[in-house]
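K.L.:
This is the structure, below, for whatever I ask next.
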Amino acid sequence: MTSGMNEGGGPVAEISGMCEERFSGVWDALAANLDGGLDVGASVAVFVDGVPVVDIWGGHTDENGEVPWQRDTITNCWSLTKTMAALCTLILADRGELEFSAPVARYWPEFAAAGKSEIEVRHLLGHTAGLSGWTEPMTAEDLYDWEKATSLLGAQEPWWTPGTQSGYHALTQGYLIGEVVRRITGSTLGSFFAAEVTGPLGADFHIGLPPEEDARVAFVIPPDLPSLLDVAPLADTIAGRTLLNPPMTGAEPWVDGWRRAEIPAANGHGNARSVAQIQSVVACGGELSGTRLLSSKGCEAIFDEQANGVDHVLGPGFRLGVGYGLSSDVVPIGPRACFWGGWGGSIVVIDLDARLTVSYVMNRMASSLLGDTRGADILFAAAVGAAG
């Protein structure tokens, strides 16, 4: 833990944990976020060769600054959960139980309805399936109902020609992938993930949070969002239909129903340590600390490019692989690196060449869908440390 005064005369944030000297810039970046009021509470982890070289946390779990963020504090990680769902599919594909080029309907026959018989599993993972939202009106509570969420998508017509362009499947991707996993394994995605990933690794990440874990949760602090008047012009666009149905405020994880449900695109609970630990399996060629979850070749499936250009929801500049974002001019992370971010600012970057994983998870949400300058500063500092 460190304390003192910064150059402006104010207090330096108290940060706990371990940080190798060459990564001191990561410590400084987190301290700057906390001191500057950009963060309320946050955790950062850097793993190299599957070993933690940075594992730090600081700030508070509440906006009033009364409850310190602890080593085992967890929070809703939003779309970082998508990387966990994607890892489950990589494992199944590596076992020969799933083919990314196979039609979804091979595993989920009802999905062939409404002209979707040719949609492939890779289209779900690359956000190119044309099902980025629901046509039928949805509420946040409907997201707890797996059967409703998946059956509506199974019956729905695509919003664009599948495979031709991406459109960020912000909430739907988890149900689409999860139903494929359920049809193959007989287990829900959250159960499969717990049995095949977090159990063997001893990792503290949950898709469907048991009530006994609630005491450790730092509830997210919702962002300032545009008014309904400001977003009205989006209503008839693919982006609007994706992001406004159901309408979300960011406060959804405060509700018991949200935490108990399995929403594999958005409601995973963990911290930077658990995110980096799990995704280090990918960075290290499928094996972590003697536990092999998939082969090195199985990890390479991520880099099969699915989309590169203008995304219907995210806009220009995103290059997408199988389940992860890939390096692009907008996100220049390296030729064999992949990433994803969560609504509000959390992010993970995995570099297979450097065998490096960097994760940042916080409770104060910005309005951005996929990261902001807080995480970018931490990623830059980690890259400098890794190069040194």
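Starting from 1 in every chain, residues are counted up; chains themselves are A, B, ... following the order of the structure tokens, and ligands are numbered from 1 as listed.
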Residues near segment 14-26 of chain A, anyone? I mean within 6 Å using only C-alpha atoms, not counting same-chain ones fewer than 2 positions away, as a PyMOL selection string.

P.N.:
chain A and resi 1-3+28-29+53-58+378+381-382+385

K.L.:
Counting only C-alpha atoms, which residues of segment 93-180 of chain A fall within 12 Å of segment 261-281 of chain A, and what is the closest atom pair for each with its distance in Å at one decimal, ordered by chain and rising number, as a tab-separated table?

P.N.:
residue	atom	partner	partner_atom	distance
A:Leu124	CA	A:Ala265	CA	11.9
A:Leu125	CA	A:Ala265	CA	11.1
A:His127	CA	A:Ala265	CA	11.9
A:Ser132	CA	A:Ala265	CA	11.7
A:Ala140	CA	A:Ile263	CA	10.9
A:Glu141	CA	A:Ala261	CA	9.8
A:Asp142	CA	A:Ala261	CA	10.4
A:Leu143	CA	A:Ile263	CA	7.0
A:Tyr144	CA	A:Ala261	CA	5.2
A:Asp145	CA	A:Ala261	CA	8.0
A:Trp146	CA	A:Glu262	CA	7.8
A:Glu147	CA	A:Glu262	CA	11.5
A:Ala149	CA	A:Ile263	CA	10.0
A:Thr150	CA	A:Ile263	CA	11.2
A:Tyr168	CA	A:Ala265	CA	11.0
A:His169	CA	A:Ala265	CA	8.6
A:Ala170	CA	A:Ala265	CA	6.8
A:Leu171	CA	A:Ala265	CA	5.4
A:Thr172	CA	A:Ala265	CA	7.2
A:Gln173	CA	A:Ala265	CA	6.1
A:Gly174	CA	A:Ala265	CA	4.2
A:Tyr175	CA	A:Pro264	CA	6.7
A:Leu176	CA	A:Pro264	CA	9.4
A:Ile177	CA	A:Pro264	CA	8.3
A:Gly178	CA	A:Pro264	CA	7.0
A:Glu179	CA	A:Pro264	CA	10.3

K.L.:
Could those selected residues go to a file with C-alpha atoms, as a PDB file, in the first residue's frame?

P.N.:
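And here is the file that came out, result-v2.pdb:
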ATOM      1  CA  LEU A 124     -22.496 -15.484 -33.958  1.00  0.00           C
ATOM      2  CA  LEU A 125     -18.986 -15.062 -32.578  1.00  0.00           C
ATOM      3  CA  HIS A 127     -21.199 -10.290 -34.652  1.00  0.00           C
ATOM      4  CA  SER A 132     -27.804  -7.771 -32.925  1.00  0.00           C
ATOM      5  CA  ALA A 140     -34.544  -5.848 -18.561  1.00  0.00           C
ATOM      6  CA  GLU A 141     -36.468  -8.502 -16.618  1.00  0.00           C
ATOM      7  CA  ASP A 142     -36.978 -10.474 -19.844  1.00  0.00           C
ATOM      8  CA  LEU A 143     -33.209 -10.964 -19.929  1.00  0.00           C
ATOM      9  CA  TYR A 144     -33.560 -13.287 -16.939  1.00  0.00           C
ATOM     10  CA  ASP A 145     -35.815 -15.584 -19.005  1.00  0.00           C
ATOM     11  CA  TRP A 146     -33.496 -17.790 -21.055  1.00  0.00           C
ATOM     12  CA  GLU A 147     -36.278 -19.519 -22.934  1.00  0.00           C
ATOM     13  CA  ALA A 149     -34.703 -14.576 -25.032  1.00  0.00           C
ATOM     14  CA  THR A 150     -33.467 -17.529 -27.099  1.00  0.00           C
ATOM     15  CA  TYR A 168     -22.318  -5.531 -32.341  1.00  0.00           C
ATOM     16  CA  HIS A 169     -24.570  -8.164 -30.745  1.00  0.00           C
ATOM     17  CA  ALA A 170     -24.424  -6.337 -27.426  1.00  0.00           C
ATOM     18  CA  LEU A 171     -26.802  -8.556 -25.465  1.00  0.00           C
ATOM     19  CA  THR A 172     -27.944 -11.187 -27.936  1.00  0.00           C
ATOM     20  CA  GLN A 173     -24.550 -12.776 -28.540  1.00  0.00           C
ATOM     21  CA  GLY A 174     -24.520 -14.424 -25.128  1.00  0.00           C
ATOM     22  CA  TYR A 175     -27.891 -16.077 -25.656  1.00  0.00           C
ATOM     23  CA  LEU A 176     -26.997 -17.214 -29.166  1.00  0.00           C
ATOM     24  CA  ILE A 177     -23.672 -18.724 -28.128  1.00  0.00           C
ATOM     25  CA  GLY A 178     -25.093 -19.999 -24.877  1.00  0.00           C
ATOM     26  CA  GLU A 179     -27.917 -21.881 -26.568  1.00  0.00           C
TER      27      GLU A 179
END

K.L.:
Check segment 188-329 of chain A with DSSP on the backbone and list each residue it calls helix (DSSP H, G or I), as a short mmCIF file (atom, residue, chain, number, x, y, z; two decimals) with C-alpha atoms, in the first residue's frame.

P.N.:
data_model
loop_
_atom_site.label_atom_id
_atom_site.label_comp_id
_atom_site.auth_asym_id
_atom_site.auth_seq_id
_atom_site.Cartn_x
_atom_site.Cartn_y
_atom_site.Cartn_z
CA LEU A 189 -23.16 -21.78 -20.44
CA GLY A 190 -22.67 -20.57 -16.87
CA SER A 191 -22.59 -24.14 -15.59
CA PHE A 192 -20.23 -25.29 -18.35
CA PHE A 193 -17.95 -22.32 -17.67
CA ALA A 194 -17.84 -23.10 -13.95
CA ALA A 195 -17.14 -26.79 -14.49
CA GLU A 196 -14.65 -26.52 -17.36
CA VAL A 197 -12.93 -23.17 -16.81
CA THR A 198 -13.19 -21.49 -13.43
CA GLY A 199 -13.27 -24.76 -11.48
CA PRO A 200 -10.05 -26.20 -12.94
CA LEU A 201 -8.30 -22.81 -12.78
CA PRO A 211 -26.40 -15.08 -3.39
CA GLU A 212 -23.63 -15.96 -0.93
CA GLU A 213 -21.21 -13.91 -3.06
CA ASP A 214 -23.28 -10.70 -2.93
CA ALA A 215 -21.39 -9.30 0.08
CA ARG A 216 -18.26 -8.98 -2.07
CA LEU A 228 -34.61 9.92 -24.62
CA LEU A 229 -34.97 13.06 -26.73
CA ASP A 230 -31.29 12.89 -27.68
CA VAL A 231 -31.44 9.23 -28.71
CA ALA A 232 -34.79 9.46 -30.53
CA PRO A 233 -33.16 9.77 -33.99
CA LEU A 234 -31.47 6.39 -33.39
CA ILE A 238 -29.87 -0.93 -36.33
CA ALA A 239 -27.78 0.71 -33.60
CA GLY A 240 -30.87 2.08 -31.91
CA ARG A 241 -32.82 -1.16 -32.16
CA THR A 242 -29.81 -2.96 -30.70
CA LEU A 243 -29.00 -0.64 -27.82
CA GLU A 252 -29.42 -3.33 -13.69
CA PRO A 253 -26.75 -5.25 -11.67
CA TRP A 254 -28.16 -3.76 -8.44
CA ASP A 256 -31.02 -9.63 -7.47
CA GLY A 257 -32.65 -11.06 -10.59
CA TRP A 258 -29.88 -9.72 -12.82
CA ARG A 259 -27.12 -11.21 -10.71
CA ARG A 260 -28.76 -14.64 -10.43
CA ALA A 272 -9.13 -7.82 -12.98
CA ARG A 273 -7.26 -10.76 -11.46
CA SER A 274 -9.85 -13.34 -12.46
CA VAL A 275 -10.32 -11.87 -15.94
CA ALA A 276 -6.56 -11.84 -16.61
CA GLN A 277 -6.09 -15.28 -15.09
CA ILE A 278 -8.74 -16.89 -17.28
CA GLN A 279 -7.74 -15.13 -20.48
CA SER A 280 -4.09 -16.03 -19.86
CA VAL A 281 -5.14 -19.49 -21.02
CA VAL A 282 -5.35 -17.93 -24.50
CA ALA A 283 -2.13 -15.93 -24.09
CA SER A 296 -2.36 -24.01 -28.99
CA LYS A 297 -3.95 -24.50 -32.41
CA GLY A 298 -7.36 -24.14 -30.81
CA CYS A 299 -6.43 -20.64 -29.64
CA GLU A 300 -5.51 -19.60 -33.17
CA ALA A 301 -9.15 -19.82 -34.27
CA ILE A 302 -9.62 -16.38 -32.69
CA PHE A 303 -7.66 -14.78 -35.54
#

K.L.:
Report the closest atom pair, with its distance in Å rounded to one decimal, for each residue of segment 74-121 of chain A that has an atom no farther than 12 Å from segment 30-44 of chain A; count only C-alpha atoms, sort by chain and then rising residue number, and write it as JSON lines.

P.N.:
{"residue": "A:Ile74", "atom": "CA", "partner": "A:Ser43", "partner_atom": "CA", "distance": 9.2}
{"residue": "A:Thr75", "atom": "CA", "partner": "A:Ala42", "partner_atom": "CA", "distance": 9.4}
{"residue": "A:Asn76", "atom": "CA", "partner": "A:Ala42", "partner_atom": "CA", "distance": 11.9}
{"residue": "A:Cys77", "atom": "CA", "partner": "A:Ala42", "partner_atom": "CA", "distance": 11.4}

K.L.:
If I take atom CA of Val180 of chain A and atom CA of Trp160 of chain A, how far is one from the other in Å, to one decimal?

P.N.:
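Distance reported for this atom pair: 21.2 Å.
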
K.L.:
I'd like the contact shell of Thr128 of chain A - 6 Å cut-off, only C-alpha atoms, skipping same-chain residues fewer than 3 positions apart - returned as an MDAnalysis selection string.

P.N.:
chainID A and resid 123 162:163 165:166

K.L.:
Point out the residue among A:Gly321, A:Gly96, A:Gly126, A:Gly65 with the least atom-to-atom distance to Asp304 of chain A, counting only C-alpha atoms.

P.N.:
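Smallest distance to Asp304 of chain A is found for A:Gly321.
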
K.L.:
I'd like the contact shell of segment 341-357 of chain A - 6 Å cut-off, only C-alpha atoms, skipping same-chain residues fewer than 3 positions apart - returned as a PyMOL selection string.

P.N.:
chain A and resi 46-49+78-80+276+280+283-284+336-338+360-361+365-372

K.L.:
Got time to write the residues from that selection, C-alpha atoms, as a PDB file, in the first residue's frame?

P.N.:
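Final file, again18.pdb:
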ATOM      1  CA  VAL A  46      -1.041  -8.101 -15.628  1.00  0.00           C
ATOM      2  CA  PHE A  47      -0.017 -11.710 -16.261  1.00  0.00           C
ATOM      3  CA  VAL A  48       3.132 -12.724 -18.160  1.00  0.00           C
ATOM      4  CA  ASP A  49       3.646 -16.393 -19.034  1.00  0.00           C
ATOM      5  CA  TRP A  78     -20.484  -6.232 -18.588  1.00  0.00           C
ATOM      6  CA  SER A  79     -19.163  -7.311 -21.999  1.00  0.00           C
ATOM      7  CA  LEU A  80     -15.903  -8.727 -20.696  1.00  0.00           C
ATOM      8  CA  ALA A 276      -6.563 -11.841 -16.610  1.00  0.00           C
ATOM      9  CA  SER A 280      -4.085 -16.028 -19.860  1.00  0.00           C
ATOM     10  CA  ALA A 283      -2.132 -15.933 -24.093  1.00  0.00           C
ATOM     11  CA  CYS A 284      -0.262 -19.102 -23.104  1.00  0.00           C
ATOM     12  CA  ARG A 336      -1.374 -11.747 -32.620  1.00  0.00           C
ATOM     13  CA  ALA A 337      -3.270  -9.899 -29.944  1.00  0.00           C
ATOM     14  CA  CYS A 338      -6.973  -9.748 -29.218  1.00  0.00           C
ATOM     15  CA  TYR A 360      -8.721  -3.420 -15.851  1.00  0.00           C
ATOM     16  CA  VAL A 361     -12.068  -3.634 -14.029  1.00  0.00           C
ATOM     17  CA  MET A 365     -18.990   3.542 -15.516  1.00  0.00           C
ATOM     18  CA  ALA A 366     -18.312   5.946 -18.346  1.00  0.00           C
ATOM     19  CA  SER A 367     -20.826   6.046 -21.194  1.00  0.00           C
ATOM     20  CA  SER A 368     -18.493   4.279 -23.655  1.00  0.00           C
ATOM     21  CA  LEU A 369     -19.313   0.752 -24.809  1.00  0.00           C
ATOM     22  CA  LEU A 370     -15.762  -0.553 -25.223  1.00  0.00           C
ATOM     23  CA  GLY A 371     -13.241   1.166 -22.965  1.00  0.00           C
ATOM     24  CA  ASP A 372     -11.943   4.700 -22.451  1.00  0.00           C
TER      25      ASP A 372
END

K.L.:
Could you tell me, as a PyMOL selection string, which residues of segment 132-356 of chain A DSSP assigns to strand (DSSP E or B) when given the backbone?

P.N.:
chain A and resi 206-207+217+221+267-270+287-288+291-292+307-311+315-320+325-326+337-341+347-351+356

K.L.:
Export N, CA and C atoms of the chosen residues as a tab-separated table (two decimals), in the first residue's frame?

P.N.:
chain	number	residue	atom	x	y	z
A	206	HIS	N	-17.92	-15.33	-12.29
A	206	HIS	CA	-19.21	-16.01	-12.21
A	206	HIS	C	-20.17	-15.49	-13.28
A	207	ILE	N	-20.77	-16.40	-14.03
A	207	ILE	CA	-21.86	-16.06	-14.94
A	207	ILE	C	-23.12	-16.64	-14.31
A	217	VAL	N	-19.66	-7.78	-3.65
A	217	VAL	CA	-19.91	-7.05	-4.89
A	217	VAL	C	-19.78	-5.54	-4.68
A	221	ILE	N	-21.48	1.98	-10.72
A	221	ILE	CA	-22.04	3.32	-10.63
A	221	ILE	C	-22.45	3.72	-12.04
A	267	ASN	N	-23.44	-10.13	-17.81
A	267	ASN	CA	-23.58	-10.08	-16.35
A	267	ASN	C	-22.55	-10.91	-15.59
A	268	GLY	N	-21.41	-11.18	-16.20
A	268	GLY	CA	-20.34	-11.84	-15.48
A	268	GLY	C	-19.80	-10.97	-14.37
A	269	HIS	N	-19.55	-11.57	-13.20
A	269	HIS	CA	-18.99	-10.85	-12.06
A	269	HIS	C	-17.58	-11.37	-11.77
A	270	GLY	N	-16.64	-10.46	-11.67
A	270	GLY	CA	-15.28	-10.83	-11.38
A	270	GLY	C	-14.46	-9.59	-11.09
A	287	GLU	N	-2.90	-23.38	-22.08
A	287	GLU	CA	-2.54	-24.01	-20.81
A	287	GLU	C	-2.15	-22.95	-19.79
A	288	LEU	N	-2.57	-23.15	-18.56
A	288	LEU	CA	-2.22	-22.23	-17.48
A	288	LEU	C	-1.91	-23.02	-16.22
A	291	THR	N	-2.64	-26.62	-16.13
A	291	THR	CA	-4.00	-27.01	-16.52
A	291	THR	C	-4.22	-26.64	-17.98
A	292	ARG	N	-4.42	-27.63	-18.83
A	292	ARG	CA	-4.64	-27.36	-20.26
A	292	ARG	C	-6.13	-27.42	-20.56
A	307	ALA	N	-14.94	-9.76	-39.66
A	307	ALA	CA	-15.42	-8.46	-40.12
A	307	ALA	C	-14.31	-7.44	-39.97
A	308	ASN	N	-14.30	-6.48	-40.88
A	308	ASN	CA	-13.28	-5.42	-40.83
A	308	ASN	C	-13.84	-4.21	-41.57
A	309	GLY	N	-14.22	-3.20	-40.83
A	309	GLY	CA	-14.80	-2.02	-41.47
A	309	GLY	C	-15.81	-1.35	-40.57
A	310	VAL	N	-16.90	-0.91	-41.17
A	310	VAL	CA	-17.92	-0.18	-40.43
A	310	VAL	C	-18.89	-1.17	-39.78
A	311	ASP	N	-19.00	-1.10	-38.47
A	311	ASP	CA	-19.93	-1.93	-37.72
A	311	ASP	C	-21.25	-1.18	-37.60
A	315	GLY	N	-19.73	1.49	-35.28
A	315	GLY	CA	-19.16	2.45	-36.20
A	315	GLY	C	-17.91	1.91	-36.89
A	316	PRO	N	-17.08	2.80	-37.46
A	316	PRO	CA	-15.93	2.36	-38.24
A	316	PRO	C	-14.74	1.94	-37.39
A	317	GLY	N	-13.87	1.13	-38.00
A	317	GLY	CA	-12.57	0.88	-37.40
A	317	GLY	C	-12.43	-0.39	-36.61
A	318	PHE	N	-13.49	-1.20	-36.51
A	318	PHE	CA	-13.39	-2.41	-35.70
A	318	PHE	C	-13.16	-3.63	-36.58
A	319	ARG	N	-12.18	-4.42	-36.17
A	319	ARG	CA	-11.84	-5.66	-36.86
A	319	ARG	C	-12.13	-6.79	-35.89
A	320	LEU	N	-12.93	-7.74	-36.32
A	320	LEU	CA	-13.45	-8.75	-35.42
A	320	LEU	C	-13.04	-10.15	-35.86
A	325	GLY	N	-12.12	-9.01	-30.40
A	325	GLY	CA	-11.69	-7.98	-31.32
A	325	GLY	C	-10.22	-8.17	-31.66
A	326	LEU	N	-9.85	-7.79	-32.88
A	326	LEU	CA	-8.48	-7.94	-33.34
A	326	LEU	C	-7.84	-6.57	-33.55
A	337	ALA	N	-2.62	-10.33	-31.18
A	337	ALA	CA	-3.27	-9.90	-29.94
A	337	ALA	C	-4.76	-9.75	-30.19
A	338	CYS	N	-5.53	-9.90	-29.13
A	338	CYS	CA	-6.97	-9.75	-29.22
A	338	CYS	C	-7.46	-9.06	-27.95
A	339	PHE	N	-8.73	-8.62	-27.97
A	339	PHE	CA	-9.21	-7.81	-26.84
A	339	PHE	C	-10.73	-7.83	-26.80
A	340	TRP	N	-11.27	-7.33	-25.72
A	340	TRP	CA	-12.64	-6.86	-25.67
A	340	TRP	C	-12.80	-5.96	-24.46
A	341	GLY	N	-13.83	-5.13	-24.49
A	341	GLY	CA	-14.11	-4.23	-23.39
A	341	GLY	C	-15.53	-4.36	-22.92
A	347	ILE	N	-11.67	-3.52	-19.52
A	347	ILE	CA	-11.05	-4.01	-20.75
A	347	ILE	C	-10.08	-5.14	-20.44
A	348	VAL	N	-9.89	-6.01	-21.43
A	348	VAL	CA	-8.84	-7.03	-21.37
A	348	VAL	C	-8.17	-7.10	-22.73
A	349	VAL	N	-6.83	-7.19	-22.71
A	349	VAL	CA	-6.04	-7.38	-23.92
A	349	VAL	C	-5.16	-8.60	-23.71
A	350	ILE	N	-5.12	-9.47	-24.72
A	350	ILE	CA	-4.36	-10.71	-24.67
A	350	ILE	C	-3.39	-10.73	-25.85
A	351	ASP	N	-2.09	-10.83	-25.58
A	351	ASP	CA	-1.07	-10.84	-26.62
A	351	ASP	C	-0.40	-12.21	-26.62
A	356	LEU	N	1.18	-12.26	-22.81
A	356	LEU	CA	0.83	-11.17	-21.90
A	356	LEU	C	-0.68	-10.98	-21.85
